[in-house]
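Contents: one structure, followed by commentary.
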Protein chains: 2
Amino acid sequence: MAHILITSGPTRQYLDPVRYLSNASSGKMGASLAQAALDLGHDVTIVSGPVAIKYPDAATVVDVISTQEMLDAAGKAFPKCDGVIAAAAPCDFKPKDIAEQKIKKSSQTLELQFVPTVDILAELGSSKRTNQWSVGFALETEDGPARALKKLVKKNCDLIVLNGPTAIDSSENQIDIIAPAGEVALSVAGRKETVAKEILGVIQARLISKNR
Amino acid sequence: MAHILITSGPTRQYLDPVRYLSNASSGKMGASLAQAALDLGHDVTIVSGPVAIKYPDAATVVDVISTQEMLDAAGKAFPKCDGVIAAAAPCDFKPKDIAEQKIKKSSQTLELQFVPTVDILAELGSSKRTNQWSVGFALETEDGPARALKKLVKKNCDLIVLNGPTAIDSSENQIDIIAPAGEVALSVAGRKETVAKEILGVIQARLISKNR
């Protein structure tokens, strides 16, 4: 039995007390992965951004808002875990400055500067102990396999799951799992519950059983 | 019996196929206003941005994403209605350009330009027939009463409900209803269901009964 950390859902980066940058990630893939991991007898800790979905009761859930909060919570949980599946879609940009008061609407063009947020998967990847593993998700709209492989290397992942923007807030998904040598370890499409089971099967065979 | 249009929830303005600007409006105030209006025997049409909340079954619900879509749907419904309660929190800025592909993360500062969206309440307010009425919501973080009154005048509202950012995604609210002469027609705090009933009471007395 392994203890698996799953990051899930979107994060939010506020511009002012009201407005934020986010994405439509529903947490559905994270919830399906959690259930699939629990079904295999593993312990699951989920660090999740704001979602409406209900996670499995048997999982421990830590709620966060921003990308930095997600890293803080995941960084705290990871040392006690055997591996992480980073299924979240954290904002990778944040406003350079956060306005203290609501930005007033005007007829003028508003120019805002955004800076990169911390990279959760890269941080966790660089902190891995021997036998700890990390699986990332890459959401690409073009040039998917090459970009996913580049992310795998850069973020020190053991596997990376490539999917597209149609995965967001959908009950279905179509994914390829890319392994470090660049080969496709799994290519599957269907309901997220089914896809999650297949992904866990690959993680079990390649990462968990290997470390027994 | 009146036919009341209610706008509810947030809108989203996409920057690219994945990322959007939005706010945490839950649709709870709109749902409570809808229930209070139905309880008084009125017909209700709700135009709502993306929310997780369930609206009353007896209401007609039109789902939209962006501020322009909300205006289009509300503008189509409004001629058949006696009045509108604009409880939505539509994005009032949108990216000047929408990237066709997901904007790549880089270490660089990203500079984005935002332009004002169309003003739904002002558009509906300027299209009112005799006897049609409009009630707006103003969410202010500073200088509330003065800004709310200014909005009332500018957007040709009959009443405006002033609340603060703590109202967002909360089960409670604290509001003042400001009337055109600047007087406070109602000041109430409590659960949104209770606040909604009180607001409908003022609308009933000042706007609906008057037009009988």
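Residues in the structure tokens are named by chain (A, B, ... in the order shown) and by number from 1 within that chain; ligands are numbered from 1 in the order shown.
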Residues near region 31-42 of chain A, cut-off 8 Å, only C-alpha atoms, skip fewer than 2 positions along chain, as a CSV table (one decimal) with C-alpha atoms, in the first residue's frame:
chain,number,residue,atom,x,y,z
A,1,MET,CA,0.0,0.0,0.0
A,2,ALA,CA,1.2,3.5,-0.9
A,3,HIS,CA,0.3,6.9,0.3
A,4,ILE,CA,-0.5,9.0,-2.8
A,6,ILE,CA,-3.1,14.2,-5.6
A,8,SER,CA,-6.6,18.7,-8.1
A,27,GLY,CA,-11.6,18.6,-9.9
A,28,LYS,CA,-13.3,15.6,-11.7
A,29,MET,CA,-10.0,14.0,-12.9
A,44,VAL,CA,-4.9,9.4,-0.6
A,46,ILE,CA,-5.8,15.6,-2.0
A,53,ILE,CA,-17.2,18.4,-6.8
A,54,LYS,CA,-17.3,16.0,-3.8
A,55,TYR,CA,-14.1,14.0,-3.2
A,56,PRO,CA,-14.2,10.4,-1.9
A,58,ALA,CA,-11.9,8.1,2.4
A,59,ALA,CA,-9.5,10.7,1.1
A,192,LYS,CA,-12.7,10.1,-16.5
A,193,GLU,CA,-13.4,7.3,-14.0
A,196,ALA,CA,-8.2,7.3,-14.0
A,197,LYS,CA,-8.3,3.5,-13.5
A,199,ILE,CA,-3.6,5.7,-15.3
A,200,LEU,CA,-3.4,4.2,-11.8
- [ ] Pick out the chain B residues within 6 Å of chain A. Count only C-alpha atoms. Give them as a list in words.
- [x]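 The selection requested is Val18, Arg19, Tyr20, Leu21, Ser22, Asn23, Gln101, Thr109, Leu110, Glu111, Leu112, Gln113, Phe114, Val115 and Thr141 of chain B.
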Open item on the list: Between CA of Leu71 (chain A) and CA of Ala179 (chain A), what distance in Å does the model show, to one decimal?
Closed with: 24.2 Å
Using only C-alpha atoms, determine which residues lie at most 9 Å from Ile208 (chain B), disregarding the query and same-chain residues fewer than 4 positions distant; provide the list as a PDB file with C-alpha atoms, in the first residue's frame.
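As a result, selection_23.pdb now contains:
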ATOM      1  CA  MET B   1     -48.463  38.910 -10.964  1.00  0.00           C
ATOM      2  CA  ALA B   2     -45.341  40.196 -12.622  1.00  0.00           C
ATOM      3  CA  ASP B  82     -42.074  43.763 -16.121  1.00  0.00           C
ATOM      4  CA  GLY B  83     -38.732  44.407 -14.519  1.00  0.00           C
ATOM      5  CA  ASN B 131     -43.807  50.879 -16.426  1.00  0.00           C
ATOM      6  CA  TRP B 133     -38.397  48.861 -13.888  1.00  0.00           C
ATOM      7  CA  ILE B 203     -39.675  46.041  -4.990  1.00  0.00           C
ATOM      8  CA  GLN B 204     -43.267  44.858  -4.542  1.00  0.00           C
ATOM      9  CA  ARG B 212     -50.835  47.917 -11.251  1.00  0.00           C
TER      10      ARG B 212
END
Task: All residues 10 Å or closer to Ala122 (chain A), only C-alpha atoms, same chain fewer than 2 positions away omitted, as a ChimeraX atom specification - done: /A:118-120,124-127,134,136,151-157
- [ ] as JSON, numbers by chain, please: all residues of region 8-168 of chain B that backbone DSSP puts in alpha helix (DSSP H).
- [x] {"B": [28, 29, 30, 31, 32, 33, 34, 35, 36, 37, 38, 39, 67, 68, 69, 70, 71, 72, 73, 74, 75, 76, 77, 120, 121, 122, 123, 124, 125, 126, 144, 145, 146, 147, 148, 149, 150, 151, 152, 153, 154]}
Task: Distance query Asn173 (chain A) at most 8 Å, only C-alpha atoms, self and fewer than 5 positions along chain excluded, as JSON, numbers by chain - done: {"A": [163, 166, 167, 189, 190, 191, 192, 195]}
- [ ] Go through A:Ile160, A:Gly182, A:Arg129, A:Ala146 one by one, measure the shortest atom-to-atom distance of each to Val202 (chain A) using only C-alpha atoms, and give the residue with the smallest value.
- [x]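 The closest residue to Val202 (chain A) is A:Ile160.
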- [ ] Check the smallest atom-to-atom distance from each of B:Leu186, B:Val47, B:Val84, B:Val161 to Glu69 (chain B) using only C-alpha atoms, then report the winner.
- [x] B:Val47
Open item on the list: When you count only C-alpha atoms, which of these residues is closest to Ala87 (chain B): B:Thr7, B:Asp63, B:Asp143, B:Leu159?
Closed with: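 Nearest to Ala87 (chain B): B:Thr7.
Here CA of Asp158 (chain A) and CA of Ala77 (chain A) stand 18.9 Å from one another.
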